[in-house]
$ cat structure20.txt   # compact mmCIF, C-alpha atoms and all ligand atoms
# COMPACT_ATOMS: atom_id res chain seq x y z
CA MET Q 1 -27.41 15.11 -85.62
CA HIS Q 2 -30.27 16.67 -87.54
CA LEU Q 3 -29.87 20.36 -87.08
CA LEU Q 4 -30.10 23.35 -89.32
CA LEU Q 5 -28.53 26.21 -87.49
CA ARG Q 6 -28.28 29.80 -88.52
CA SER Q 7 -24.52 29.80 -88.93
CA THR Q 8 -24.59 26.66 -91.07
CA ILE Q 9 -27.20 28.05 -93.43
CA LEU Q 10 -25.39 31.36 -93.78
CA GLY Q 11 -22.09 29.54 -93.97
CA ALA Q 12 -23.17 27.51 -96.96
CA VAL Q 13 -23.75 30.71 -98.89
CA VAL Q 14 -20.36 32.10 -97.92
CA ILE Q 15 -18.51 28.93 -98.87
CA ALA Q 16 -20.20 28.75 -102.24
CA THR Q 17 -18.88 32.20 -103.00
CA ILE Q 18 -15.35 31.36 -101.93
CA ALA Q 19 -15.23 28.02 -103.69
CA GLY Q 20 -16.19 29.33 -107.11
CA LEU Q 21 -14.58 32.28 -108.80
CA PRO Q 22 -17.01 35.14 -108.39
CA ASP Q 23 -18.45 36.64 -111.53
CA VAL Q 24 -17.50 40.25 -110.99
CA SER Q 25 -18.19 42.47 -113.96
CA ALA Q 26 -15.71 45.16 -114.90
CA ALA Q 27 -18.15 47.91 -113.98
CA GLN Q 28 -18.17 46.87 -110.33
CA ASP Q 29 -14.57 45.76 -110.21
CA PRO Q 30 -13.45 46.03 -106.57
CA PRO Q 31 -9.99 47.33 -105.77
CA CYS Q 32 -7.21 44.79 -105.80
CA CYS Q 33 -7.15 42.12 -104.55
CA LEU Q 34 -10.45 40.37 -103.99
CA ARG Q 35 -10.96 38.89 -107.44
CA ASP Q 36 -7.24 38.44 -108.15
CA GLY Q 37 -6.63 37.08 -104.68
CA LEU Q 38 -9.36 34.44 -105.00
CA ARG Q 39 -7.98 33.40 -108.38
CA ILE Q 40 -4.38 33.27 -107.16
CA ALA Q 41 -5.35 31.30 -104.04
CA VAL Q 42 -6.81 28.58 -106.27
CA GLN Q 43 -4.30 28.68 -109.12
CA TYR Q 44 -1.17 28.63 -106.95
CA ARG Q 45 -2.40 26.46 -104.10
CA VAL Q 46 0.30 24.18 -102.70
CA GLU Q 47 -1.78 21.03 -102.88
CA ALA Q 48 0.55 18.89 -100.77
CA ILE Q 49 -0.64 20.83 -97.72
CA ASP Q 50 -4.37 20.24 -97.43
CA HIS Q 51 -4.86 19.72 -93.70
CA ARG Q 52 -4.32 22.19 -90.84
CA ARG Q 53 -2.00 19.85 -88.95
CA PHE Q 54 1.41 19.43 -90.61
CA THR Q 55 5.06 19.48 -89.56
CA ALA Q 56 8.03 21.62 -90.57
CA THR Q 57 9.27 18.75 -92.73
CA ASP Q 58 5.89 18.56 -94.49
CA LEU Q 59 5.97 22.29 -95.10
CA TRP Q 60 9.49 22.59 -96.49
CA ASN Q 61 9.10 19.48 -98.64
CA ALA Q 62 5.89 20.91 -100.09
CA ILE Q 63 7.37 24.28 -101.04
CA GLU Q 64 10.87 23.11 -101.92
CA PRO Q 65 10.18 23.08 -105.71
CA TYR Q 66 9.39 26.81 -105.59
CA LEU Q 67 12.39 27.90 -103.55
CA ALA Q 68 14.75 27.40 -106.50
CA ALA Q 69 12.88 29.89 -108.69
CA PRO Q 70 14.68 33.05 -109.77
CA GLY Q 71 13.79 35.92 -107.49
CA ILE Q 72 13.23 33.67 -104.46
CA HIS Q 73 15.87 33.65 -101.76
CA THR Q 74 15.85 31.26 -98.79
CA GLU Q 75 17.88 31.73 -95.64
CA ASP Q 76 18.33 29.64 -92.50
CA LEU Q 77 17.82 32.07 -89.62
CA ALA Q 78 18.30 29.81 -86.62
CA ARG Q 79 17.55 26.43 -85.11
CA SER Q 80 14.61 25.95 -82.78
CA VAL Q 81 15.16 24.56 -79.27
CA GLY Q 82 14.43 21.14 -80.76
CA GLY Q 83 16.98 21.66 -83.54
CA ARG Q 84 14.54 22.30 -86.37
CA PRO Q 85 15.38 24.96 -88.96
CA ILE Q 86 13.69 28.35 -88.88
CA ARG Q 87 13.81 29.79 -92.38
CA ALA Q 88 13.01 33.04 -94.10
CA VAL Q 89 11.91 33.21 -97.73
CA THR Q 90 12.38 36.53 -99.51
CA PHE Q 91 10.83 37.81 -102.72
CA GLY Q 92 11.16 41.15 -104.49
CA ALA Q 93 13.77 43.86 -104.68
CA GLY Q 94 11.76 46.95 -103.88
CA PRO Q 95 12.58 49.73 -101.45
CA THR Q 96 9.80 48.96 -98.95
CA SER Q 97 10.52 46.08 -96.57
CA VAL Q 98 7.61 43.86 -95.49
CA LEU Q 99 8.13 41.15 -92.86
CA LEU Q 100 5.64 38.36 -92.16
CA TRP Q 101 5.79 35.57 -89.62
CA SER Q 102 3.30 32.79 -89.01
CA GLN Q 103 2.70 29.98 -86.53
CA MET Q 104 4.70 31.37 -83.62
CA HIS Q 105 1.98 29.39 -81.87
CA GLY Q 106 2.53 25.86 -83.13
CA ASP Q 107 -1.15 24.95 -83.43
CA GLU Q 108 -2.05 28.03 -85.51
CA SER Q 109 -1.26 27.00 -89.06
CA THR Q 110 -3.78 28.74 -91.32
CA ALA Q 111 -1.51 31.59 -92.39
CA THR Q 112 1.40 29.20 -92.91
CA MET Q 113 -0.67 27.51 -95.61
CA ALA Q 114 -1.37 30.91 -97.15
CA LEU Q 115 2.32 31.84 -97.10
CA ALA Q 116 3.13 28.58 -98.90
CA ASP Q 117 0.63 29.55 -101.62
CA LEU Q 118 2.09 33.05 -101.87
CA ILE Q 119 5.61 31.63 -102.20
CA ARG Q 120 4.40 29.51 -105.10
CA PHE Q 121 2.73 32.56 -106.66
CA PHE Q 122 5.91 34.59 -106.33
CA ALA Q 123 7.92 31.71 -107.83
CA GLU Q 124 5.63 30.86 -110.75
CA GLY Q 125 3.61 34.02 -111.34
CA SER Q 126 6.24 36.09 -113.13
CA GLN Q 127 3.79 36.76 -116.00
CA ASP Q 128 1.24 38.18 -113.57
CA PRO Q 129 1.17 42.01 -113.42
CA LEU Q 130 0.48 41.90 -109.68
CA GLN Q 131 3.54 39.72 -109.04
CA GLN Q 132 5.66 42.11 -111.13
CA ARG Q 133 4.29 45.16 -109.30
CA LEU Q 134 5.06 43.67 -105.91
CA ALA Q 135 8.58 42.61 -106.95
CA GLU Q 136 9.36 46.12 -108.09
CA HIS Q 137 8.08 48.00 -105.06
CA LEU Q 138 8.49 45.61 -102.13
CA THR Q 139 10.97 43.28 -100.52
CA ILE Q 140 8.76 40.65 -98.86
CA THR Q 141 10.38 38.44 -96.22
CA MET Q 142 8.28 35.55 -94.91
CA VAL Q 143 9.00 33.32 -91.91
CA PRO Q 144 6.47 30.53 -92.22
CA MET Q 145 6.25 28.49 -89.03
CA LEU Q 146 8.38 30.39 -86.51
CA ASN Q 147 7.69 27.63 -83.95
CA PRO Q 148 8.42 24.30 -85.69
CA ASP Q 149 8.71 22.41 -82.38
CA GLY Q 150 5.22 23.52 -81.40
CA ALA Q 151 3.95 22.57 -84.85
CA GLN Q 152 5.42 19.10 -84.41
CA ARG Q 153 3.15 18.58 -81.38
CA PHE Q 154 0.41 20.89 -82.72
CA ALA Q 155 0.79 22.82 -79.47
CA ARG Q 156 0.95 26.52 -78.74
CA GLU Q 157 4.29 26.81 -76.93
CA ASN Q 158 7.84 26.02 -78.00
CA ALA Q 159 9.82 23.01 -76.76
CA LEU Q 160 10.58 24.82 -73.47
CA GLY Q 161 6.90 25.43 -72.86
CA ILE Q 162 7.31 29.14 -73.55
CA ASP Q 163 4.72 31.19 -75.40
CA LEU Q 164 6.87 32.96 -78.01
CA ASN Q 165 4.42 35.82 -78.14
CA ARG Q 166 5.26 36.60 -74.52
CA ASP Q 167 9.00 36.52 -75.20
CA ALA Q 168 9.38 39.65 -77.31
CA ARG Q 169 10.91 41.57 -74.38
CA ARG Q 170 13.17 39.00 -72.71
CA LEU Q 171 14.11 37.12 -75.89
CA VAL Q 172 15.20 33.97 -74.04
CA THR Q 173 14.14 31.61 -76.85
CA PRO Q 174 16.10 31.12 -80.09
CA GLU Q 175 12.84 31.47 -82.03
CA ALA Q 176 12.03 34.91 -80.61
CA ARG Q 177 15.65 36.04 -80.96
CA ALA Q 178 15.64 35.01 -84.63
CA LEU Q 179 12.56 37.11 -85.33
CA LYS Q 180 13.89 40.15 -83.48
CA ALA Q 181 17.27 39.93 -85.21
CA LEU Q 182 15.60 39.65 -88.60
CA ARG Q 183 13.43 42.70 -87.95
CA ASP Q 184 16.41 44.73 -86.83
CA ARG Q 185 18.49 43.71 -89.82
CA LEU Q 186 15.71 44.50 -92.29
CA GLU Q 187 14.42 47.52 -90.39
CA ALA Q 188 11.10 46.34 -91.76
CA ASP Q 189 8.65 49.07 -92.69
CA PHE Q 190 5.62 46.78 -92.33
CA GLY Q 191 4.99 43.64 -90.29
CA PHE Q 192 2.28 40.96 -90.38
CA ASN Q 193 1.78 38.91 -87.24
CA LEU Q 194 -0.22 35.87 -88.34
CA HIS Q 195 -2.23 33.76 -85.89
CA ASP Q 196 -5.34 31.65 -85.38
CA GLN Q 197 -7.84 32.41 -82.65
CA GLY Q 198 -10.42 30.16 -81.03
CA VAL Q 199 -13.50 29.48 -83.12
CA ARG Q 200 -15.96 30.32 -80.31
CA ARG Q 201 -15.86 34.04 -81.10
CA THR Q 202 -18.62 36.25 -82.42
CA ALA Q 203 -18.45 39.60 -84.19
CA GLY Q 204 -20.13 41.67 -81.50
CA PRO Q 205 -22.66 40.37 -78.96
CA THR Q 206 -25.24 39.16 -81.49
CA GLY Q 207 -22.99 38.65 -84.49
CA LEU Q 208 -21.87 35.75 -86.61
CA GLN Q 209 -18.84 33.58 -85.95
CA VAL Q 210 -15.65 35.56 -86.57
CA ALA Q 211 -13.73 34.48 -89.67
CA ILE Q 212 -10.94 37.03 -89.38
CA ALA Q 213 -10.10 39.35 -86.48
CA LEU Q 214 -7.81 42.30 -87.18
CA LEU Q 215 -5.74 44.57 -84.99
CA ALA Q 216 -3.32 47.41 -85.36
CA PRO Q 217 -1.60 46.70 -82.01
CA ALA Q 218 -0.89 49.49 -79.55
CA ALA Q 219 2.72 50.58 -79.08
CA ASP Q 220 2.22 51.98 -75.58
CA GLU Q 221 -0.14 51.93 -72.59
CA GLU Q 222 -1.85 55.08 -73.85
CA LYS Q 223 -2.68 53.33 -77.13
CA SER Q 224 -1.44 56.41 -78.94
CA TYR Q 225 -1.33 56.69 -82.70
CA GLY Q 226 2.26 57.43 -83.64
CA PRO Q 227 3.44 57.12 -87.25
CA ALA Q 228 3.93 53.34 -87.14
CA ARG Q 229 0.53 52.50 -85.67
CA THR Q 230 -1.21 55.07 -87.86
CA ARG Q 231 0.12 53.36 -90.98
CA ALA Q 232 -0.77 49.94 -89.57
CA ARG Q 233 -4.36 51.04 -88.96
CA LEU Q 234 -4.68 52.25 -92.54
CA VAL Q 235 -3.41 48.91 -93.87
CA THR Q 236 -5.82 47.11 -91.54
CA ALA Q 237 -8.72 49.23 -92.84
CA THR Q 238 -7.71 48.38 -96.42
CA ILE Q 239 -7.83 44.66 -95.62
CA ALA Q 240 -11.17 45.02 -93.82
CA GLU Q 241 -12.73 46.85 -96.75
CA VAL Q 242 -11.91 44.02 -99.15
CA LEU Q 243 -12.68 41.08 -96.84
CA ASN Q 244 -16.01 42.66 -95.89
CA GLN Q 245 -17.17 41.99 -99.43
CA GLN Q 246 -16.33 38.31 -99.17
CA VAL Q 247 -17.40 37.49 -95.61
CA PRO Q 248 -19.78 40.27 -94.57
CA GLY Q 249 -20.51 40.29 -90.84
CA ARG Q 250 -17.66 37.93 -90.08
CA LEU Q 251 -14.84 40.40 -89.39
CA ALA Q 252 -14.01 41.70 -85.93
CA ARG Q 253 -11.56 43.94 -84.15
CA TRP Q 254 -9.23 42.42 -81.57
CA ASP Q 255 -8.75 44.03 -78.16
CA ASP Q 256 -6.05 46.70 -78.42
CA SER Q 257 -4.82 46.76 -74.81
CA PHE Q 258 -1.05 47.15 -74.77
CA GLU Q 259 0.85 43.91 -74.06
CA PRO Q 260 4.54 44.74 -73.48
CA ARG Q 261 5.66 41.12 -73.95
CA ALA Q 262 3.99 40.58 -77.33
CA PHE Q 263 5.66 40.88 -80.71
CA GLY Q 264 2.88 42.81 -82.41
CA ASP Q 265 2.98 45.55 -79.79
CA LEU Q 266 6.77 45.77 -79.62
CA MET Q 267 7.21 45.65 -83.40
CA GLN Q 268 4.95 48.69 -83.50
CA GLN Q 269 7.14 50.32 -80.84
CA TRP Q 270 10.30 49.43 -82.76
CA GLY Q 271 8.92 51.31 -85.78
CA THR Q 272 7.60 48.45 -87.92
CA SER Q 273 3.95 49.15 -88.80
CA THR Q 274 2.41 45.88 -87.69
CA VAL Q 275 -0.94 44.28 -88.42
CA LEU Q 276 -2.30 41.29 -86.51
CA ILE Q 277 -4.42 38.86 -88.53
CA GLU Q 278 -6.23 36.19 -86.52
CA SER Q 279 -7.95 33.41 -88.45
CA GLY Q 280 -11.03 32.19 -86.61
CA GLY Q 281 -13.63 29.85 -88.05
CA LEU Q 282 -16.06 29.45 -90.89
CA PRO Q 283 -18.91 26.95 -90.99
CA ASP Q 284 -18.08 23.83 -92.99
CA ASP Q 285 -14.38 24.62 -93.10
CA PRO Q 286 -12.95 21.83 -90.91
CA GLU Q 287 -9.40 22.13 -92.28
CA LYS Q 288 -9.52 25.93 -92.59
CA GLN Q 289 -9.00 25.84 -96.33
CA ASP Q 290 -11.47 28.67 -96.97
CA LEU Q 291 -9.74 30.71 -94.27
CA ARG Q 292 -6.45 29.97 -96.01
CA THR Q 293 -7.95 31.54 -99.15
CA LEU Q 294 -9.08 34.59 -97.15
CA ASN Q 295 -5.52 34.98 -95.83
CA VAL Q 296 -4.13 34.99 -99.38
CA VAL Q 297 -6.68 37.66 -100.33
CA ALA Q 298 -5.93 39.74 -97.23
CA LEU Q 299 -2.16 39.64 -97.67
CA LEU Q 300 -2.18 40.36 -101.42
CA THR Q 301 -4.56 43.24 -100.76
CA ALA Q 302 -2.19 44.64 -98.15
CA PHE Q 303 0.90 44.14 -100.33
CA ASP Q 304 -0.71 45.87 -103.30
CA ALA Q 305 -1.95 48.77 -101.17
CA ILE Q 306 1.51 49.23 -99.65
CA ALA Q 307 3.26 48.93 -103.04
CA SER Q 308 0.99 51.52 -104.62
CA GLY Q 309 0.70 53.74 -101.57
CA ARG Q 310 -3.08 53.38 -101.86
CA TYR Q 311 -3.36 52.43 -98.19
CA GLU Q 312 -2.64 56.05 -97.27
CA THR Q 313 -6.10 57.05 -98.50
CA ALA Q 314 -7.92 54.31 -96.58
CA ASP Q 315 -10.63 55.32 -94.12
CA PRO Q 316 -9.55 54.33 -90.58
CA GLU Q 317 -13.24 54.23 -89.62
CA VAL Q 318 -13.62 51.02 -91.63
CA TYR Q 319 -11.38 49.46 -89.00
CA GLU Q 320 -12.75 51.39 -86.03
CA GLN Q 321 -16.33 50.42 -86.88
CA LEU Q 322 -15.62 46.69 -86.89
CA PRO Q 323 -17.50 44.92 -84.06
CA PHE Q 324 -15.45 43.64 -81.16
CA ASN Q 325 -14.20 40.09 -81.14
CA LEU Q 326 -16.16 38.44 -78.30
CA GLY Q 327 -15.49 35.07 -76.71
CA VAL Q 328 -18.41 32.68 -76.23
CA GLU Q 329 -18.46 29.81 -73.73
CA TYR Q 330 -20.48 27.12 -75.48
CA ASP Q 331 -21.00 25.85 -79.01
CA LEU Q 332 -24.67 24.99 -78.69
CA LEU Q 333 -27.39 25.78 -76.17
CA LEU Q 334 -30.59 23.73 -76.11
CA ALA Q 335 -32.97 26.07 -74.36
CA GLY Q 336 -36.21 25.38 -72.54
CA GLY Q 337 -36.60 21.63 -72.97
CA GLN Q 338 -37.92 19.14 -70.42
CA ILE Q 339 -35.53 16.40 -69.37
CA VAL Q 340 -37.21 13.05 -68.87
CA SER Q 341 -35.56 11.33 -65.87
CA GLY Q 342 -36.79 7.83 -65.29
CA ASP Q 343 -39.73 7.80 -62.93
CA TYR Q 344 -39.41 11.46 -61.93
CA ASP Q 345 -41.56 14.15 -63.45
CA PRO Q 346 -39.80 15.86 -66.37
CA ILE Q 347 -37.78 18.90 -65.30
CA THR Q 348 -37.19 22.08 -67.27
CA ALA Q 349 -33.46 22.42 -67.91
CA ASP Q 350 -31.30 24.01 -70.58
CA ILE Q 351 -28.36 21.97 -71.89
CA ALA Q 352 -25.04 23.55 -72.96
CA LEU Q 353 -22.83 21.59 -75.34
CA VAL Q 354 -19.27 22.00 -76.62
CA TYR Q 355 -17.33 20.28 -79.36
CA ASP Q 356 -14.01 18.70 -78.45
CA ASP Q 357 -12.96 19.69 -81.97
CA PRO Q 358 -14.81 22.97 -82.40
CA VAL Q 359 -13.12 23.78 -85.73
CA ALA Q 360 -14.55 20.69 -87.38
CA GLY Q 361 -17.68 20.57 -85.19
CA ARG Q 362 -16.95 17.03 -84.02
CA GLU Q 363 -17.36 15.13 -80.75
CA ILE Q 364 -20.02 17.05 -78.90
CA ARG Q 365 -20.05 16.89 -75.12
CA VAL Q 366 -22.41 18.03 -72.36
CA GLU Q 367 -20.89 20.92 -70.41
CA ALA Q 368 -23.72 22.25 -68.23
CA VAL Q 369 -27.36 21.53 -67.38
CA GLY Q 370 -29.88 23.73 -65.58
CA ASP Q 371 -31.12 27.30 -65.79
CA LEU Q 372 -28.57 28.65 -68.28
CA ASN Q 373 -30.43 31.84 -68.96
CA ARG Q 374 -27.26 33.93 -69.17
CA ALA Q 375 -25.13 31.42 -71.04
CA GLU Q 376 -23.54 32.53 -74.31
CA ALA Q 377 -23.42 29.99 -77.11
CA MET Q 378 -22.48 30.13 -80.77
CA ASP Q 379 -25.88 28.69 -81.63
CA THR Q 380 -29.06 28.41 -79.59
CA LEU Q 381 -31.88 26.02 -80.35
CA ASP Q 382 -35.18 26.70 -78.62
CA ILE Q 383 -36.69 23.34 -77.69
CA THR Q 384 -39.44 24.68 -75.46
CA GLY Q 385 -42.30 22.20 -75.40
CA LEU Q 386 -40.04 19.29 -76.37
CA TYR Q 387 -38.66 16.46 -74.22
CA VAL Q 388 -35.06 15.32 -73.84
CA HIS Q 389 -34.68 11.55 -73.51
CA PRO Q 390 -31.24 10.46 -72.29
CA GLU Q 391 -30.08 7.17 -73.72
CA PRO Q 392 -29.71 4.46 -71.08
CA GLY Q 393 -25.89 4.59 -71.17
CA ALA Q 394 -25.94 8.36 -70.71
CA THR Q 395 -27.62 8.33 -67.32
CA THR Q 396 -25.74 8.94 -64.06
CA THR Q 397 -26.28 5.46 -62.74
CA SER Q 398 -23.38 5.78 -60.28
CA GLN Q 399 -25.46 8.35 -58.40
CA GLY Q 400 -28.57 6.31 -58.86
CA VAL Q 401 -30.23 9.28 -60.52
CA PRO Q 402 -31.07 9.14 -64.20
CA GLY Q 403 -30.19 12.26 -66.17
CA ILE Q 404 -27.69 13.87 -68.49
CA ARG Q 405 -24.06 13.07 -67.67
CA LEU Q 406 -21.85 16.13 -67.48
CA GLY Q 407 -18.55 15.95 -69.31
CA HIS Q 408 -19.68 12.99 -71.40
CA ARG Q 409 -20.51 12.72 -75.07
CA ALA Q 410 -24.02 13.89 -75.83
CA ALA Q 411 -26.30 10.88 -76.08
CA PHE Q 412 -29.96 11.77 -76.11
CA THR Q 413 -32.92 12.36 -78.34
CA VAL Q 414 -35.30 15.31 -78.31
CA ARG Q 415 -38.88 14.13 -78.78
CA ARG Q 416 -42.33 15.65 -78.97
CA GLY Q 417 -43.67 13.78 -75.95
CA VAL Q 418 -42.80 12.20 -72.60
CA SER Q 419 -43.07 8.76 -74.12
CA PRO Q 420 -39.82 7.36 -75.53
CA GLU Q 421 -41.95 6.20 -78.47
CA SER Q 422 -43.08 9.72 -79.37
CA GLU Q 423 -41.89 11.43 -82.55
CA MET Q 424 -38.21 12.43 -82.58
CA ALA Q 425 -37.32 16.04 -83.41
CA TYR Q 426 -33.53 15.93 -82.93
CA GLU Q 427 -30.93 13.35 -82.15
CA PHE Q 428 -27.64 13.94 -80.37
CA ARG Q 429 -25.33 10.99 -80.60
CA GLU Q 430 -21.77 10.55 -81.76
ZN ZN Q 501 -1.51 32.89 -81.67

$ encode --input "structure20.txt" --output "structure tokens"
Amino acid sequence: MHLLLRSTILGAVVIATIAGLPDVSAAQDPPCCLRDGLRIAVQYRVEAIDHRRFTATDLWNAIEPYLAAPGIHTEDLARSVGGRPIRAVTFGAGPTSVLLWSQMHGDESTATMALADLIRFFAEGSQDPLQQRLAEHLTITMVPMLNPDGAQRFARENALGIDLNRDARRLVTPEARALKALRDRLEADFGFNLHDQGVRRTAGPTGLQVAIALLAPAADEEKSYGPARTRARLVTATIAEVLNQQVPGRLARWDDSFEPRAFGDLMQQWGTSTVLIESGGLPDDPEKQDLRTLNVVALLTAFDAIASGRYETADPEVYEQLPFNLGVEYDLLLAGGQIVSGDYDPITADIALVYDDPVAGREIRVEAVGDLNRAEAMDTLDITGLYVHPEPGATTTSQGVPGIRLGHRAAFTVRRGVSPESEMAYEFRE
């Protein structure tokens, strides 16, 4: 496909900044931990995990060398329904307790990769002043991959088909019970609820694709700001301030309606100041490795701000002013073209397309054809004045009418004229 879309062009700039270590002079040194976080994410990356789909065995094998380090404590919390271990890894001996859990939805692995990198940093970074500071002030307990059975299938729910993030109230699953028991034992001061969201989300109605969505979840229907949620919002604002420098325009605020079955909301109610971090998408990040880096930056920033107490001076408006996280139906809208249908006169029809693998932008399929004036898509390409030529195999021959086949892989060219010999502008073919 020969397309240069807005998000791709902008994305290339963003990725270049993440991939290299930014040259930040001392005079404009941002507060911890943008520069340090980017460095640590590269230096302590657990290389054995380099793909967003991995199992519990892959994870624990990859981080096993670091679990024996002094100052790292590993504990078996419970067994999943499928008999897989659920483990907590603890670092630090400070008075403030921080609890993190990732991948309670089995197909949401970005933060698990970041936690693996942080575990390696905690294990090997004892010469690093940031590591020392965190060890002194915080006790950080991480549960990477709360739902190992879901991860095995790369599916959202646990082995009983239950969404663990709707089991915070009933606690019928061993996974949810393990998390609740751990929170109660630690009486955690701060919590980080780590997820991935769909990649078809924009930061506000006209914004870019959301890289990270943040939320200080409500603790009640009134969405009141008691002490726990107030602290959580300040931590969230601290994270937003730092990430905004790295991925400007790509942060959003998640809907804060109270959900009485969800862990984020109930943790807040139980007195643990909880922040939700949702990893979305970045252009040209098919395995979410740049998002993994952003998670390391976000979490180190939060840890440092909690350890120093700096979060207390954050401006909550930085969080409140984030655009809303908005869902979008399609990946690509081809607007205003003329579809050439055999012997019929060309008809004006928009074409909406979706990727079967929207994270990687692979396997594009036709979802709708017609007047799609109100359709929302991540990218829109105006092809007014151009002609869409379906490939012979892509026509609806079963109906006897040539055209674009709904639900099938995109297979057509966009040309400058009605003639199939005219100059090609774009090609859609997998
Ligand atoms: Zn989730």

$ residues_near_ligand --input "structure20.txt" --ligand "ligand ZN 501 (chain Q)" --cutoff "10 Å" --atoms "all atoms listed in the file" --output "number ranges by chain"
Q: 102-109, 156-157, 163-165, 193-198, 276-279

$ write_last_selection --input "structure20.txt" --atoms "C-alpha atoms" --output "short mmCIF file (atom, residue, chain, number, x, y, z; two decimals), in the frame of the given file"
data_model
loop_
_atom_site.label_atom_id
_atom_site.label_comp_id
_atom_site.auth_asym_id
_atom_site.auth_seq_id
_atom_site.Cartn_x
_atom_site.Cartn_y
_atom_site.Cartn_z
CA SER Q 102 3.30 32.79 -89.01
CA GLN Q 103 2.70 29.98 -86.53
CA MET Q 104 4.70 31.37 -83.62
CA HIS Q 105 1.98 29.39 -81.87
CA GLY Q 106 2.53 25.86 -83.13
CA ASP Q 107 -1.15 24.95 -83.43
CA GLU Q 108 -2.05 28.03 -85.51
CA SER Q 109 -1.26 27.00 -89.06
CA ARG Q 156 0.95 26.52 -78.74
CA GLU Q 157 4.29 26.81 -76.93
CA ASP Q 163 4.72 31.19 -75.40
CA LEU Q 164 6.87 32.96 -78.01
CA ASN Q 165 4.42 35.82 -78.14
CA ASN Q 193 1.78 38.91 -87.24
CA LEU Q 194 -0.22 35.87 -88.34
CA HIS Q 195 -2.23 33.76 -85.89
CA ASP Q 196 -5.34 31.65 -85.38
CA GLN Q 197 -7.84 32.41 -82.65
CA GLY Q 198 -10.42 30.16 -81.03
CA LEU Q 276 -2.30 41.29 -86.51
CA ILE Q 277 -4.42 38.86 -88.53
CA GLU Q 278 -6.23 36.19 -86.52
CA SER Q 279 -7.95 33.41 -88.45
#

$ closest_residue --input "structure20.txt" --among "Q:Val296, Q:Leu266, Q:Ala178, Q:Val318" --to "Q:Ala78" --atoms "all atoms listed in the file"
Q:Ala178

$ atom_distance --input "structure20.txt" --atom1 "atom CA of Q:Ala219" --atom2 "atom CA of Q:Leu243"
25.4 Å

$ residues_around --input "structure20.txt" --residues "Q:Leu406" --least-positions-apart "3" --cutoff "8 Å" --atoms "all atoms listed in the file" --output "ChimeraX atom specification"
/Q:365-369

$ residues_around --input "structure20.txt" --residues "stretch 30-42 of chain Q" --least-positions-apart "3" --cutoff "8 Å" --atoms "only C-alpha atoms" --output "PyMOL selection string"
chain Q and resi 18+21-22+24+45+114+117-118+121+242-243+246+293-294+296-298+300-301+304

$ atom_distance --input "structure20.txt" --atom1 "atom CA of Q:Ala218" --atom2 "atom CA of Q:Tyr311"
19.0 Å

$ residues_around --input "structure20.txt" --residues "Q:Leu291" --least-positions-apart "3" --cutoff "8 Å" --atoms "all atoms listed in the file" --output "list in words"
Thr110, Ala211, Ser279, Gly280, Gly281, Leu282, Asp285, Lys288, Leu294 and Asn295 of chain Q

$ atom_distance --input "structure20.txt" --atom1 "atom CA of Q:Pro144" --atom2 "atom CA of Q:Phe54"
12.3 Å

$ closest_residue --input "structure20.txt" --among "Q:Ser273, Q:Asn325, Q:Ser341, Q:Asn244" --to "Q:Asp256" --atoms "all atoms listed in the file"
Q:Asn325

$ residues_around --input "structure20.txt" --residues "Q:Asp371" --least-positions-apart "4" --cutoff "12 Å" --atoms "all atoms listed in the file" --output "MDAnalysis selection string"
chainID Q and resid 333:338 347:352 375

$ residues_around --input "structure20.txt" --residues "Q:Asp315" --least-positions-apart "6" --cutoff "9 Å" --atoms "all atoms listed in the file" --output "PyMOL selection string"
chain Q and resi 234+237-238

$ write_last_selection --input "structure20.txt" --atoms "C-alpha atoms" --output "compact mmCIF listing (two decimals), in the coordinates of the input"
# COMPACT_ATOMS: atom_id res chain seq x y z
CA LEU Q 234 -4.68 52.25 -92.54
CA ALA Q 237 -8.72 49.23 -92.84
CA THR Q 238 -7.71 48.38 -96.42

$ closest_residue --input "structure20.txt" --among "Q:Ala410, Q:Leu372, Q:Ala240, Q:Ala69" --to "Q:Glu124" --atoms "all atoms listed in the file"
Q:Ala69

$ closest_residue --input "structure20.txt" --among "Q:Asp331, Q:Asp167, Q:Glu287, Q:Glu363" --to "Q:Gly264" --atoms "all atoms listed in the file"
Q:Asp167

$ closest_residue --input "structure20.txt" --among "Q:Gln43, Q:Gln289, Q:Thr74, Q:Thr274" --to "Q:Ala262" --atoms "all atoms listed in the file"
Q:Thr274

$ residues_near_point --input "structure20.txt" --point "(19.4, 31.8, -94.2)" --cutoff "9 Å" --atoms "only C-alpha atoms" --output "CSV table (one decimal) with C-alpha atoms, in the frame of the given file"
chain,number,residue,atom,x,y,z
Q,73,HIS,CA,15.9,33.6,-101.8
Q,74,THR,CA,15.8,31.3,-98.8
Q,75,GLU,CA,17.9,31.7,-95.6
Q,76,ASP,CA,18.3,29.6,-92.5
Q,77,LEU,CA,17.8,32.1,-89.6
Q,78,ALA,CA,18.3,29.8,-86.6
Q,86,ILE,CA,13.7,28.4,-88.9
Q,87,ARG,CA,13.8,29.8,-92.4
Q,88,ALA,CA,13.0,33.0,-94.1
Q,89,VAL,CA,11.9,33.2,-97.7

$ axis_aligned_box --input "structure20.txt" --around "stretch 174-179 of chain Q" --padding-each-side "5 Å" --output "JSON"
{"center_x": 14.1, "center_y": 34.1, "center_z": -82.7, "size_x": 14.1, "size_y": 16.0, "size_z": 15.2}

$ residues_near_point --input "structure20.txt" --point "(12.0, 39.5, -93.1)" --cutoff "12 Å" --atoms "only C-alpha atoms" --output "VMD selection string"
chain Q and resid 73 to 77 87 to 92 96 to 102 138 to 144 146 178 to 193 272
